[in-house]
Structures are given as structure tokens and as C-alpha cells.
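Participant: So here's query-v1.csv (CSV, C-alpha atoms and all ligand atoms).
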chain,number,residue,atom,x,y,z
A,1,MET,CA,69.6,186.6,92.8
A,2,ILE,CA,72.7,187.9,91.1
A,3,PRO,CA,75.6,187.7,93.6
A,4,TYR,CA,78.5,190.3,93.8
A,5,GLY,CA,81.1,187.8,92.7
A,6,HIS,CA,81.1,184.3,91.3
A,7,GLN,CA,83.5,181.8,89.8
A,8,SER,CA,83.5,180.9,86.1
A,9,ILE,CA,84.0,177.2,85.5
A,10,ASP,CA,83.8,175.5,82.1
A,11,GLN,CA,84.3,172.0,80.6
A,12,ASN,CA,88.1,172.4,80.3
A,13,ASP,CA,88.3,173.1,84.0
A,14,ILE,CA,86.3,170.0,84.8
A,15,ARG,CA,88.3,167.9,82.4
A,16,SER,CA,91.6,169.2,84.0
A,17,VAL,CA,90.4,168.3,87.5
A,18,THR,CA,89.2,164.9,86.4
A,19,GLU,CA,92.5,164.1,84.9
A,20,ALA,CA,94.3,165.1,88.1
A,21,LEU,CA,92.0,162.7,90.0
A,22,LYS,CA,93.1,159.8,87.7
A,23,SER,CA,96.8,160.7,88.1
A,24,ASP,CA,99.3,159.3,90.7
A,25,TRP,CA,99.3,162.6,92.6
A,26,LEU,CA,96.6,164.2,94.6
A,27,THR,CA,98.6,166.6,96.7
A,28,GLN,CA,101.7,168.6,95.8
A,29,GLY,CA,102.9,166.6,92.9
A,30,PRO,CA,104.5,167.8,89.7
A,31,ALA,CA,101.6,170.0,88.7
A,32,ILE,CA,102.5,172.5,91.5
A,33,GLU,CA,105.7,173.5,89.9
A,34,LYS,CA,104.0,173.9,86.6
A,35,PHE,CA,101.4,176.2,88.1
A,36,GLU,CA,104.0,178.1,90.1
A,37,ASN,CA,106.1,178.7,87.0
A,38,ALA,CA,103.1,179.9,85.0
A,39,ILE,CA,102.1,182.4,87.7
A,40,ALA,CA,105.7,183.6,88.1
A,41,GLN,CA,105.9,184.2,84.4
A,42,LYS,CA,102.5,185.9,84.3
A,43,VAL,CA,103.5,188.4,87.0
A,44,SER,CA,107.2,188.8,86.0
A,45,ALA,CA,108.5,187.4,89.3
A,46,GLU,CA,111.4,185.0,89.7
A,47,TYR,CA,109.8,182.7,92.2
A,48,ALA,CA,106.3,181.6,93.0
A,49,ILE,CA,105.3,179.5,96.0
A,50,ALA,CA,101.9,177.9,95.9
A,51,CYS,CA,100.0,177.4,99.2
A,52,SER,CA,96.7,176.4,100.6
A,53,ASN,CA,95.0,179.9,100.5
A,54,GLY,CA,95.6,183.6,100.4
A,55,THR,CA,95.8,183.9,104.2
A,56,ALA,CA,98.5,181.2,104.3
A,57,ALA,CA,100.3,183.1,101.6
A,58,LEU,CA,100.2,186.2,103.8
A,59,HIS,CA,101.4,184.2,106.8
A,60,LEU,CA,104.3,182.7,104.8
A,61,ALA,CA,105.2,186.2,103.5
A,62,CYS,CA,105.4,187.5,107.1
A,63,LEU,CA,107.5,184.6,108.2
A,64,ALA,CA,109.9,185.1,105.3
A,65,ALA,CA,110.0,188.8,106.2
A,66,GLY,CA,111.1,187.7,109.7
A,67,ILE,CA,108.2,189.3,111.5
A,68,GLY,CA,108.3,188.3,115.2
A,69,PRO,CA,107.5,189.6,118.7
A,70,GLY,CA,108.2,193.3,119.0
A,71,ASP,CA,108.0,194.0,115.3
A,72,GLU,CA,105.5,196.5,114.0
A,73,VAL,CA,103.9,196.1,110.6
A,74,ILE,CA,101.9,198.9,109.0
A,75,VAL,CA,98.6,197.7,107.4
A,76,PRO,CA,95.7,199.5,105.8
A,77,THR,CA,92.6,199.4,108.0
A,78,LEU,CA,90.4,199.1,104.8
A,79,SER,CA,91.0,195.5,104.0
A,80,PHE,CA,89.9,192.0,104.8
A,81,ALA,CA,91.0,191.0,108.3
A,82,ALA,CA,93.6,188.5,107.0
A,83,SER,CA,95.8,191.4,105.9
A,84,ALA,CA,96.4,192.2,109.6
A,85,ASN,CA,95.8,188.8,111.1
A,86,CYS,CA,99.0,187.4,109.4
A,87,VAL,CA,101.1,189.8,111.5
A,88,LEU,CA,99.4,188.5,114.7
A,89,TYR,CA,100.1,184.9,113.6
A,90,CYS,CA,103.8,185.8,113.8
A,91,ASN,CA,103.3,187.5,117.2
A,92,GLY,CA,104.1,190.9,115.6
A,93,THR,CA,102.0,194.0,116.0
A,94,PRO,CA,99.8,195.3,113.2
A,95,VAL,CA,99.8,199.1,113.1
A,96,LEU,CA,96.7,200.1,111.2
A,97,CYS,CA,96.8,203.0,108.8
A,98,ASP,CA,94.2,205.1,106.9
A,99,ILE,CA,93.7,205.1,103.1
A,100,LYS,CA,93.3,207.9,100.6
A,101,LEU,CA,89.8,208.4,99.3
A,102,ASP,CA,91.0,209.0,95.7
A,103,THR,CA,92.7,205.6,95.5
A,104,LEU,CA,91.2,203.6,98.4
A,105,THR,CA,94.7,202.3,99.0
A,106,ILE,CA,97.1,203.0,101.9
A,107,ASP,CA,98.1,206.6,102.3
A,108,PRO,CA,101.9,206.8,101.9
A,109,ASP,CA,102.1,210.0,104.0
A,110,GLU,CA,100.3,208.3,106.8
A,111,VAL,CA,102.6,205.3,106.5
A,112,GLU,CA,105.6,207.5,107.0
A,113,LYS,CA,104.1,209.1,110.1
A,114,LYS,CA,103.5,205.7,111.7
A,115,ILE,CA,107.1,204.5,111.3
A,116,THR,CA,109.0,203.8,114.6
A,117,PRO,CA,112.3,202.1,115.3
A,118,LYS,CA,110.2,198.9,115.7
A,119,THR,CA,108.7,199.1,112.2
A,120,LYS,CA,109.8,196.1,110.1
A,121,ALA,CA,107.4,195.9,107.2
A,122,VAL,CA,104.5,197.5,105.4
A,123,ILE,CA,101.6,195.5,103.9
A,124,ALA,CA,99.7,197.4,101.2
A,125,VAL,CA,96.6,196.2,99.5
A,126,ASP,CA,95.8,196.8,95.8
A,127,PHE,CA,92.2,197.5,96.8
A,128,ALA,CA,89.5,196.4,94.3
A,129,GLY,CA,92.3,195.6,91.8
A,130,HIS,CA,93.6,199.2,91.7
A,131,SER,CA,97.3,199.2,92.5
A,132,ALA,CA,98.6,200.9,95.6
A,133,GLU,CA,101.2,203.7,95.1
A,134,TRP,CA,104.2,201.4,94.7
A,135,ASP,CA,106.6,204.2,93.7
A,136,LYS,CA,106.0,206.1,96.9
A,137,LEU,CA,105.9,203.0,99.0
A,138,ARG,CA,109.2,201.8,97.6
A,139,LEU,CA,110.9,205.1,98.4
A,140,ILE,CA,109.7,205.0,102.0
A,141,ALA,CA,110.8,201.3,102.3
A,142,LYS,CA,114.2,202.2,101.0
A,143,LYS,CA,114.6,205.2,103.3
A,144,TYR,CA,113.6,203.3,106.4
A,145,ASN,CA,114.9,199.9,105.4
A,146,LEU,CA,111.5,198.2,105.5
A,147,ILE,CA,110.2,195.1,103.8
A,148,LEU,CA,107.2,195.6,101.5
A,149,ILE,CA,104.5,193.0,101.2
A,150,ASP,CA,101.8,193.4,98.6
A,151,ASP,CA,98.5,191.8,99.5
A,152,ALA,CA,97.4,191.4,95.9
A,153,ALA,CA,94.4,189.1,96.5
A,154,HIS,CA,92.4,191.6,94.4
A,155,ALA,CA,95.0,192.3,91.8
A,156,LEU,CA,96.2,189.3,89.8
A,157,GLY,CA,96.8,190.8,86.3
A,158,SER,CA,96.9,194.4,87.5
A,159,LYS,CA,99.8,196.8,86.6
A,160,PHE,CA,101.3,199.9,88.2
A,161,LYS,CA,102.8,202.3,85.6
A,162,GLY,CA,103.2,199.4,83.2
A,163,GLU,CA,104.8,197.0,85.7
A,164,PRO,CA,102.8,193.9,86.7
A,165,ILE,CA,101.7,193.5,90.3
A,166,GLY,CA,103.8,190.5,91.5
A,167,SER,CA,107.3,191.9,91.8
A,168,LEU,CA,106.8,195.5,92.9
A,169,ALA,CA,107.1,194.6,96.6
A,170,ASP,CA,109.6,192.2,98.2
A,171,LEU,CA,106.8,189.7,98.6
A,172,THR,CA,103.4,189.6,96.8
A,173,THR,CA,100.5,187.4,97.8
A,174,PHE,CA,97.5,186.2,95.8
A,175,SER,CA,94.3,184.3,96.6
A,176,PHE,CA,92.4,181.8,94.4
A,177,HIS,CA,89.2,181.9,96.4
A,178,PRO,CA,86.2,181.5,94.1
A,179,VAL,CA,85.4,185.3,93.9
A,180,LYS,CA,89.0,186.2,92.9
A,181,ALA,CA,90.4,186.6,89.4
A,182,ILE,CA,91.0,182.9,88.9
A,183,THR,CA,90.1,180.1,91.4
A,184,THR,CA,91.4,176.8,92.7
A,185,GLY,CA,88.5,176.5,95.2
A,186,GLU,CA,90.8,177.5,98.0
A,187,GLY,CA,94.4,178.4,97.1
A,188,GLY,CA,97.1,181.0,97.3
A,189,MET,CA,100.5,182.0,96.0
A,190,VAL,CA,103.4,184.1,97.1
A,191,THR,CA,105.7,185.7,94.5
A,192,THR,CA,109.2,187.2,95.1
A,193,ASN,CA,112.5,187.9,93.4
A,194,ASN,CA,114.4,186.9,96.6
A,195,LYS,CA,115.7,183.4,96.6
A,196,LYS,CA,116.2,183.2,100.3
A,197,PHE,CA,112.6,184.2,100.9
A,198,ALA,CA,111.4,181.6,98.3
A,199,ASP,CA,113.5,178.8,99.8
A,200,GLN,CA,112.2,179.6,103.3
A,201,MET,CA,108.6,179.7,102.3
A,202,ARG,CA,108.9,176.4,100.4
A,203,LEU,CA,110.3,174.9,103.6
A,204,LEU,CA,107.6,176.3,105.9
A,205,ARG,CA,104.7,175.4,103.7
A,206,SER,CA,105.5,171.7,104.3
A,207,HIS,CA,106.2,171.3,108.0
A,208,GLY,CA,109.7,172.7,107.8
A,209,ILE,CA,110.9,169.3,106.7
A,210,ILE,CA,113.6,168.6,104.1
A,211,ILE,CA,114.8,165.5,102.5
A,212,ARG,CA,118.0,164.9,104.3
A,213,SER,CA,120.1,164.2,101.1
A,214,LEU,CA,119.6,167.9,100.3
A,215,LEU,CA,121.2,169.0,103.6
A,216,ASP,CA,124.7,170.4,103.7
A,217,VAL,CA,127.2,167.9,105.0
A,218,ARG,CA,127.6,168.5,108.7
A,219,GLN,CA,130.7,168.0,110.6
A,220,GLY,CA,131.5,164.3,110.8
A,221,ASP,CA,128.4,163.5,108.8
A,222,SER,CA,128.4,162.2,105.3
A,223,LEU,CA,125.9,163.4,102.7
A,224,SER,CA,123.2,160.8,102.4
A,225,ASP,CA,121.6,160.1,99.1
A,226,LEU,CA,118.7,158.2,100.7
A,227,ASP,CA,115.6,160.3,100.0
A,228,TRP,CA,113.5,158.5,102.6
A,229,GLN,CA,115.5,160.4,105.2
A,230,GLN,CA,113.5,163.5,106.1
A,231,GLU,CA,114.5,166.0,108.7
A,232,MET,CA,112.5,168.9,110.3
A,233,ILE,CA,114.8,171.9,110.5
A,234,ASP,CA,112.2,174.6,111.2
A,235,LEU,CA,108.7,174.9,112.6
A,236,GLY,CA,106.6,174.8,109.5
A,237,TYR,CA,102.9,174.2,108.6
A,238,ASN,CA,100.9,172.1,106.3
A,239,TYR,CA,100.1,174.9,103.8
A,240,ARG,CA,100.3,172.7,100.7
A,241,LEU,CA,98.0,173.2,97.7
A,242,THR,CA,96.7,169.9,96.3
A,243,ASP,CA,97.2,168.7,92.7
A,244,ILE,CA,93.4,168.6,92.3
A,245,GLN,CA,93.2,172.3,93.1
A,246,THR,CA,96.3,173.0,91.0
A,247,ALA,CA,94.7,171.3,88.0
A,248,LEU,CA,91.9,173.8,88.2
A,249,GLY,CA,94.3,176.7,88.6
A,250,ILE,CA,96.3,175.7,85.5
A,251,SER,CA,93.2,175.5,83.5
A,252,GLN,CA,91.8,178.8,84.9
A,253,LEU,CA,95.1,180.7,84.4
A,254,LYS,CA,94.8,180.1,80.6
A,255,LYS,CA,91.6,182.2,80.7
A,256,LEU,CA,92.9,185.0,83.0
A,257,ASP,CA,93.4,187.5,80.1
A,258,ARG,CA,89.9,186.8,78.8
A,259,PHE,CA,88.4,187.1,82.4
A,260,LEU,CA,90.3,190.4,82.9
A,261,LEU,CA,89.0,191.8,79.6
A,262,ARG,CA,85.4,190.9,80.4
A,263,ARG,CA,85.7,192.4,83.9
A,264,ARG,CA,87.1,195.6,82.3
A,265,GLN,CA,84.3,195.7,79.7
A,266,ILE,CA,81.6,195.5,82.4
A,267,ALA,CA,83.4,198.1,84.6
A,268,LEU,CA,83.6,200.5,81.7
A,269,ARG,CA,79.9,200.0,81.0
A,270,TYR,CA,79.1,200.8,84.6
A,271,ILE,CA,81.3,203.9,84.5
A,272,LYS,CA,79.6,205.1,81.3
A,273,GLU,CA,76.1,204.5,82.7
A,274,PHE,CA,76.7,205.8,86.3
A,275,SER,CA,78.9,208.8,85.6
A,276,SER,CA,75.9,211.0,84.9
A,277,ILE,CA,74.3,210.2,88.3
A,278,ASP,CA,75.5,212.8,90.8
A,279,GLU,CA,74.5,210.6,93.8
A,280,ILE,CA,77.1,207.9,92.8
A,281,ILE,CA,80.8,208.2,93.4
A,282,LEU,CA,82.6,205.8,91.0
A,283,PRO,CA,85.6,203.7,92.1
A,284,PRO,CA,89.1,205.1,91.5
A,285,ASN,CA,90.5,204.4,88.1
A,286,HIS,CA,93.8,206.3,87.7
A,287,LYS,CA,95.4,206.5,84.2
A,288,ASN,CA,98.8,205.0,85.2
A,289,ILE,CA,97.1,201.8,86.4
A,290,ASP,CA,95.9,198.7,84.7
A,291,HIS,CA,92.9,198.0,86.8
A,292,ALA,CA,92.1,194.3,87.5
A,293,TRP,CA,88.5,195.2,88.5
A,294,HIS,CA,88.2,192.5,91.2
A,295,ILE,CA,85.2,194.4,92.6
A,296,PHE,CA,83.2,197.5,91.6
A,297,PRO,CA,82.6,199.5,94.8
A,298,ILE,CA,80.4,202.6,94.4
A,299,GLN,CA,79.7,205.2,97.0
A,300,PHE,CA,76.6,207.3,97.6
A,301,ARG,CA,76.9,211.0,98.4
A,302,SER,CA,73.7,211.4,100.4
A,303,LEU,CA,71.6,208.2,100.2
A,304,ASP,CA,71.6,205.7,103.0
A,305,ARG,CA,73.7,202.8,101.8
A,306,ASN,CA,71.7,200.2,103.7
A,307,GLU,CA,68.5,201.4,102.1
A,308,VAL,CA,70.0,201.0,98.7
A,309,TYR,CA,71.3,197.6,99.6
A,310,ASN,CA,67.8,196.5,100.7
A,311,LYS,CA,66.2,197.9,97.6
A,312,LEU,CA,68.6,196.0,95.4
A,313,ILE,CA,67.9,192.8,97.2
A,314,LYS,CA,64.2,193.2,96.4
A,315,LEU,CA,65.3,193.7,92.7
A,316,GLY,CA,67.3,190.5,92.8
A,317,ILE,CA,70.8,192.0,93.1
A,318,LYS,CA,72.9,190.8,96.1
A,319,CYS,CA,75.5,193.4,96.7
A,320,GLN,CA,78.3,193.3,99.4
A,321,VAL,CA,80.2,195.8,101.6
A,322,HIS,CA,84.0,195.7,101.3
A,323,TYR,CA,84.9,196.0,104.1
A,324,LEU,CA,84.1,196.8,107.7
A,325,PRO,CA,87.5,198.4,108.4
A,326,ILE,CA,89.8,196.3,110.5
A,327,HIS,CA,89.9,198.8,113.4
A,328,LEU,CA,86.1,198.5,113.7
A,329,GLN,CA,86.2,194.7,113.9
A,330,PRO,CA,85.2,193.7,117.5
A,331,TYR,CA,88.4,191.6,118.0
A,332,TYR,CA,90.7,194.5,117.1
A,333,GLN,CA,88.7,197.0,119.1
A,334,LYS,CA,88.9,194.7,122.2
A,335,ARG,CA,92.6,193.8,121.8
A,336,PHE,CA,94.0,197.1,120.6
A,337,GLY,CA,91.5,199.7,121.8
A,338,TYR,CA,90.8,201.2,118.4
A,339,LYS,CA,87.8,203.6,118.4
A,340,LEU,CA,85.3,205.1,115.9
A,341,GLU,CA,86.9,208.0,114.1
A,342,ASP,CA,90.5,206.7,114.4
A,343,PHE,CA,90.7,206.4,110.6
A,344,PRO,CA,88.3,209.0,109.1
A,345,ASN,CA,88.8,208.2,105.4
A,346,SER,CA,88.2,204.5,105.8
A,347,GLU,CA,85.1,205.2,107.8
A,348,ILE,CA,83.7,207.7,105.3
A,349,TYR,CA,84.2,205.2,102.6
A,350,TYR,CA,82.8,202.3,104.7
A,351,ARG,CA,79.6,204.2,105.5
A,352,ARG,CA,79.0,205.1,101.8
A,353,CYS,CA,80.2,202.0,99.9
A,354,LEU,CA,78.4,199.2,98.1
A,355,THR,CA,80.0,196.6,95.9
A,356,ILE,CA,77.8,195.8,92.9
A,357,PRO,CA,78.1,192.5,91.0
A,358,LEU,CA,81.2,192.2,88.7
A,359,TYR,CA,82.5,188.9,87.3
A,360,PRO,CA,83.3,187.5,83.9
A,361,SER,CA,80.3,185.2,83.6
A,362,LEU,CA,77.8,188.1,83.9
A,363,THR,CA,75.9,188.2,80.6
A,364,ASP,CA,75.0,191.4,78.9
A,365,LYS,CA,71.5,190.9,79.9
A,366,MET,CA,72.4,190.5,83.6
A,367,VAL,CA,74.7,193.6,83.3
A,368,LYS,CA,71.7,195.6,81.9
A,369,LYS,CA,69.5,194.4,84.8
A,370,ILE,CA,72.1,195.5,87.3
A,371,ILE,CA,72.4,198.9,85.7
A,372,LEU,CA,68.6,199.4,85.6
A,373,SER,CA,68.2,198.2,89.2
A,374,VAL,CA,70.9,200.5,90.5
A,375,GLN,CA,69.4,203.4,88.6
A,376,GLU,CA,66.0,202.6,90.1
A,377,ALA,CA,67.4,202.1,93.6
A,378,VAL,CA,69.1,205.5,93.6
A,379,GLY,CA,66.4,207.4,91.7
A,380,ARG,CA,67.3,207.7,88.0
A,381,GLY,CA,68.9,210.9,86.8
A,382,LYS,CA,69.2,212.3,90.3
Q,401,LIG,C1,90.5,187.1,99.7
Q,401,LIG,C2,91.5,188.0,100.5
Q,401,LIG,C3,92.5,187.5,101.3
Q,401,LIG,C4,92.5,186.0,101.8
Q,401,LIG,O1,92.5,185.1,100.9
Q,401,LIG,P1,91.9,183.6,101.2
Q,401,LIG,O2,92.3,182.8,100.0
Q,401,LIG,O3,90.4,183.7,101.3
Q,401,LIG,O4,92.5,183.2,102.5
Q,401,LIG,C5,93.4,188.3,101.9
Q,401,LIG,N1,93.4,189.6,101.6
Q,401,LIG,C6,92.4,190.2,100.8
Q,401,LIG,C7,92.5,191.7,100.6
Q,401,LIG,C8,91.4,189.4,100.2
Q,401,LIG,O5,90.5,189.9,99.5
With the file now loaded, output its structure as C-alpha cells.

Facilitator:
Amino acid sequence: MIPYGHQSIDQNDIRSVTEALKSDWLTQGPAIEKFENAIAQKVSAEYAIACSNGTAALHLACLAAGIGPGDEVIVPTLSFAASANCVLYCNGTPVLCDIKLDTLTIDPDEVEKKITPKTKAVIAVDFAGHSAEWDKLRLIAKKYNLILIDDAAHALGSKFKGEPIGSLADLTTFSFHPVKAITTGEGGMVTTNNKKFADQMRLLRSHGIIIRSLLDVRQGDSLSDLDWQQEMIDLGYNYRLTDIQTALGISQLKKLDRFLLRRRQIALRYIKEFSSIDEIILPPNHKNIDHAWHIFPIQFRSLDRNEVYNKLIKLGIKCQVHYLPIHLQPYYQKRFGYKLEDFPNSEIYYRRCLTIPLYPSLTDKMVKKIILSVQEAVGRGK
């Protein structure tokens, strides 16, 4: 069975992890800063803060943005639940928003309609690896004084109008889950150009504890240079990434460009083969965007998606659906009263979509099998 996504691990990755295991550090040692600097450089951001997963990265970003009770944060309903859950972790209110069918990313006009005096931030998702409309979102953020968060779990290596995803929003989050562009098993990163945000996220990812010698001298208190003295100055979390995971990340990052190239190669092959099939709607691929091709979601004009899914299973291809929109998740329906037809574009897309396999370690032979199977499942030439 060919899955929709899979990690690509080689001998260098294994060697890198083995060396970490033999080192003095297993969790958050010197390798973390090396990985952070490499990611920051890759995405042209000033600061990068590694953490335990992409969801923790979103939580840290919301904490840095100061999201709290009473604050509203606009989030696209077409995303993984974590994009909205992070707002709830901070006791803020996620305000769901529809997407545009020609981008599958948040609709800037709809965002503007949802702004109230309580709106504090907007989280946009670079869906499938296709950048959101950051020029329009930045104008809106400036006009209404909002903080922009980019959930770029799909988009490491993507660019919008030549600018890398990673510093287009105030805070950008990445995930290193095995299906993402590079993996650390579990892992995440937040990038930002804002030093205050960066300092706060570093503090909060490790219990809110600082080494006391770094504290400012308080009144009547002399600066200590004893680095065993640790003080908790904020309520933080244990969101640390381990050195074992980081060793894998550093090794994987060296291959990112190659991975992206292979993903692109396969995506272009799919586009070429499927563009003549009327039944298939191809994923958005706008000219001014460097697509990271995290996933390849196709849609069907008239066929029943579930029937195609089942046919492909029988042919040895395990597809996936990205995603059940957040407003249709039982938890969100129960808690916020969202209903069917609240966000028509996301629902149209959801009913028609199917993510076919796309990852760097697919061989040409596997790609050919996927193409033939999809053609067979939809009825060739129709
Ligand atoms: C994968 C993903 C996340 C969460 O990342 P984890 O590392 O699995 O916690 C968040 N948002 C989107 C859009 C994702 O695809």
C-alpha cells in the first residue's frame, strides 16, 4: 500500500542520531541552537525557537502574541484542528473563516468582515504548501493593528512573491512531523523577527524558568553569577525539543532543497497527466508562489470522492482527506454551535477533495502506478 505521505530517512540521518546518543546531551543541548540558526537562515528570519511539535509552536506563538480571555483570533476553517486549538489553549476565541476555492487559503475579504474590536490576531495557513495571500493579509493587519501568525506546517521552503515563508507574518510556525517537508519524529519551530517575542517563547518553552544570574539586578539585590540559581518568572511549559530529534533535523535540513525539488517534479508530472481529465480539478498553483507541495489534493467535479477513495485502496493507493473543516469537528460544533453550510467554500472543497500520495521517496515506478490507478479510478479520458 502506498501511503499519502512518508518520511525519507537515509544512513546520514541514522549516523547523526547515533552520534547524538553518544554525546553528553540528550535534551536541549548545543545542537538546538545550531538547528535554530540553520532554520532561521533558511527562511530569512532573525530568530527561530525550536520546540516539541508544531502544535506547541502554535501555542507559543499565540502566547507571544498575548492572546488571552476575550481576544478573538481569525482562523481558516479548512485546516488541521491545531490551527484553532492553540487559541483555545490561551483561553482566546477562535473565529473561523472561509477560504477561497482558487487558493484554498483564507479569504482576506472574509477576514476583514470578521474583524471586531476584540480581534487581536489572524492565523493563516499556507495550505498544501501554497502560500496564503500575505500582501493582502499584511495590509489588513496594519489597518486594524492585528498580529499575523503563519501556520506554515505545510510550507517550509515555500515563497510568496519571491519572499520565503518564515518572516512574512509576525510569527511563523513549522512542524517536523514525519509527513512534513523534513522530520524530527515530533518537532516544531517558531520563527520571528521580533526579539521580544523570541525571548518570551524561549522562556515559556522551558517552564518559564531562567538562570538567576541573567536576571536584572533588583532593588537591594546583587547580581548573582551562580548559575545553579534558577527562578521561575512566568508560567511556562516543557515544550523542549531533544538533541536526539535535533540531530535528525540538522541532517534532514541538509536535504530540504533536494526533497522540495523531488516533490515539485512529482507534482508537475501529476499536473501534466491529470490536466486532460475534465473530472479532476487540480490544486492551486499560482505563478507568484514557490509551492512547497506538501500534499497534492485533487477534487472531483461529479464523482463520489468516497467511491474513488475505495477504488484506490483496492489498487494499493492509500489516499487521505485534508481536512474535515474545523467547524464540522464535533467538538467545535458542540462548543460553538457551528452548522453545516456555515462556510460554503470549505465544505465544497471538503466534499470533493482527495489527497493522493506525494513525498520525495516515491520512485518513478510508484508515481507511474499512482497515475495509472487514479486514471483507472476516475475512468480514463473522461
Ligand atoms: C501538522 C500540522 C500541525 C501540527 O503539527 P504537529 O507537529 O503535528 O503538532 C498544525 N497545523 C497544520 C496545518 C499541520 O498540517

Participant: Got a sec: who's within 6 Å of range 299-307 of chain A, counting only C-alpha atoms, leaving out chain neighbours fewer than 6 positions off, as a list in words?

Facilitator: Glu279, Ile280, Ile281, Arg352 and Cys353 of chain A

Participant: Output the neighbourhood of ligand LIG 401 (chain Q) as a PDB file with C-alpha atoms, in the frame of the given file, that is, all protein and nucleic acid residues with some atom at most 10 Å from the ligand, counting all atoms listed in the file.

Facilitator:
ATOM      1  CA  CYS A  51     100.000 177.400  99.200  1.00  0.00           C
ATOM      2  CA  SER A  52      96.700 176.400 100.600  1.00  0.00           C
ATOM      3  CA  ASN A  53      95.000 179.900 100.500  1.00  0.00           C
ATOM      4  CA  GLY A  54      95.600 183.600 100.400  1.00  0.00           C
ATOM      5  CA  THR A  55      95.800 183.900 104.200  1.00  0.00           C
ATOM      6  CA  ALA A  56      98.500 181.200 104.300  1.00  0.00           C
ATOM      7  CA  ALA A  57     100.300 183.100 101.600  1.00  0.00           C
ATOM      8  CA  LEU A  58     100.200 186.200 103.800  1.00  0.00           C
ATOM      9  CA  HIS A  59     101.400 184.200 106.800  1.00  0.00           C
ATOM     10  CA  PRO A  76      95.700 199.500 105.800  1.00  0.00           C
ATOM     11  CA  LEU A  78      90.400 199.100 104.800  1.00  0.00           C
ATOM     12  CA  SER A  79      91.000 195.500 104.000  1.00  0.00           C
ATOM     13  CA  PHE A  80      89.900 192.000 104.800  1.00  0.00           C
ATOM     14  CA  ALA A  81      91.000 191.000 108.300  1.00  0.00           C
ATOM     15  CA  ALA A  82      93.600 188.500 107.000  1.00  0.00           C
ATOM     16  CA  SER A  83      95.800 191.400 105.900  1.00  0.00           C
ATOM     17  CA  ALA A  84      96.400 192.200 109.600  1.00  0.00           C
ATOM     18  CA  ASN A  85      95.800 188.800 111.100  1.00  0.00           C
ATOM     19  CA  CYS A  86      99.000 187.400 109.400  1.00  0.00           C
ATOM     20  CA  ALA A 124      99.700 197.400 101.200  1.00  0.00           C
ATOM     21  CA  VAL A 125      96.600 196.200  99.500  1.00  0.00           C
ATOM     22  CA  ASP A 126      95.800 196.800  95.800  1.00  0.00           C
ATOM     23  CA  PHE A 127      92.200 197.500  96.800  1.00  0.00           C
ATOM     24  CA  ALA A 128      89.500 196.400  94.300  1.00  0.00           C
ATOM     25  CA  GLY A 129      92.300 195.600  91.800  1.00  0.00           C
ATOM     26  CA  ASP A 150     101.800 193.400  98.600  1.00  0.00           C
ATOM     27  CA  ASP A 151      98.500 191.800  99.500  1.00  0.00           C
ATOM     28  CA  ALA A 152      97.400 191.400  95.900  1.00  0.00           C
ATOM     29  CA  ALA A 153      94.400 189.100  96.500  1.00  0.00           C
ATOM     30  CA  HIS A 154      92.400 191.600  94.400  1.00  0.00           C
ATOM     31  CA  ALA A 155      95.000 192.300  91.800  1.00  0.00           C
ATOM     32  CA  THR A 173     100.500 187.400  97.800  1.00  0.00           C
ATOM     33  CA  PHE A 174      97.500 186.200  95.800  1.00  0.00           C
ATOM     34  CA  SER A 175      94.300 184.300  96.600  1.00  0.00           C
ATOM     35  CA  PHE A 176      92.400 181.800  94.400  1.00  0.00           C
ATOM     36  CA  HIS A 177      89.200 181.900  96.400  1.00  0.00           C
ATOM     37  CA  PRO A 178      86.200 181.500  94.100  1.00  0.00           C
ATOM     38  CA  VAL A 179      85.400 185.300  93.900  1.00  0.00           C
ATOM     39  CA  LYS A 180      89.000 186.200  92.900  1.00  0.00           C
ATOM     40  CA  THR A 183      90.100 180.100  91.400  1.00  0.00           C
ATOM     41  CA  THR A 184      91.400 176.800  92.700  1.00  0.00           C
ATOM     42  CA  GLY A 185      88.500 176.500  95.200  1.00  0.00           C
ATOM     43  CA  GLU A 186      90.800 177.500  98.000  1.00  0.00           C
ATOM     44  CA  GLY A 187      94.400 178.400  97.100  1.00  0.00           C
ATOM     45  CA  GLY A 188      97.100 181.000  97.300  1.00  0.00           C
ATOM     46  CA  MET A 189     100.500 182.000  96.000  1.00  0.00           C
ATOM     47  CA  HIS A 294      88.200 192.500  91.200  1.00  0.00           C
ATOM     48  CA  ILE A 295      85.200 194.400  92.600  1.00  0.00           C
ATOM     49  CA  HIS A 322      84.000 195.700 101.300  1.00  0.00           C
ATOM     50  CA  TYR A 323      84.900 196.000 104.100  1.00  0.00           C
TER      51      TYR A 323
END

Participant: Between A:Ile165, A:Leu146, A:Leu358, A:Ile289, single out the one closest to Ser44 in chain A, counting all atoms listed in the file.

Facilitator: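 Ranked by minimum distance to Ser44 in chain A, first place goes to A:Ile165.
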
Participant: What's around Lys318 in chain A at 8 Å? Count all atoms listed in the file, leave out sequence neighbours fewer than 5 positions away in its own chain, and write the answer as an MDAnalysis selection string.

Facilitator: chainID A and resid 1:4 309 312:313 356:357

Participant: Write out as a ChimeraX atom specification each polymer residue whose atoms come within 12 Å of Asp364 in chain A, counting only C-alpha atoms; drop sequence neighbours fewer than 3 positions from it.

Facilitator: /A:262-263,265-266,269-270,358-361,367-371

Participant: Env of Leu101 in chain A: 10 Å cut, atoms = all atoms listed in the file, seq-sep filter 5 positions within chain, self excluded. Answer as a list in words.

Facilitator: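 Final neighbour list, sorted by chain and number: Ile106, Asp107, Pro283, Pro284, Pro344, Asn345, Ser346, Ile348 and Tyr349 of chain A.
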
Participant: Pick out the residues sitting within 12 Å of Ser206 in chain A, and hand them over as a list in words; count only C-alpha atoms, and ignore anything fewer than 5 positions along from it in its own chain.

Facilitator: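 The neighbour list is Thr27, Gln28, Ile49, Ala50, Cys51, Ser52, Ala56, Leu60, Asp199, Gln200, Met201, Ile211, Gln230, Glu231, Met232, Ile233, Asp234, Leu235, Gly236, Tyr237, Asn238, Tyr239, Arg240 and Leu241 of chain A.
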
Participant: Using all atoms listed in the file, can you tell me which of A:Ala247, A:Leu256, A:Ala181, A:Leu282 comes closest to Leu268 in chain A?

Facilitator: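 Distance minimum relative to Leu268 in chain A lands on A:Leu282.
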
Participant: Can you work out which one of A:Leu26, A:Leu148, A:Ala198, A:Ala121 has the shortest atom-to-atom distance to Glu133 in chain A, counting all atoms listed in the file?

Facilitator: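 Between A:Leu26, A:Leu148, A:Ala198, A:Ala121, the residue approaching Glu133 in chain A most closely is A:Leu148.
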
Participant: Looking at all atoms listed in the file, which of A:Val111, A:Gln252, A:Lys314, A:Tyr331 is the one that sits closest to Arg15 in chain A?

Facilitator: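 So, comparing all the options, the nearest one is A:Gln252.
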
Participant: Please indicate the distance in Å from CA of Thr172 in chain A to CA of Ile149 in chain A, rounded to one decimal place.

Facilitator: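 Computing the Euclidean distance for CA of Thr172 in chain A and CA of Ile149 in chain A yields 5.7 Å.
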
Participant: Kindly indicate which residue among A:Lys142, A:Thr119, A:Lys113, A:Ile244 lies nearest to Gly29 in chain A, using all atoms listed in the file for the distances.

Facilitator: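 For Gly29 in chain A, the nearest of the candidates is A:Ile244.
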
Participant: Rounded to one decimal in Å, what is the spacing between CA of Gln329 in chain A and CA of Ile74 in chain A?

Facilitator: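 These atoms are spaced 17.0 Å apart.
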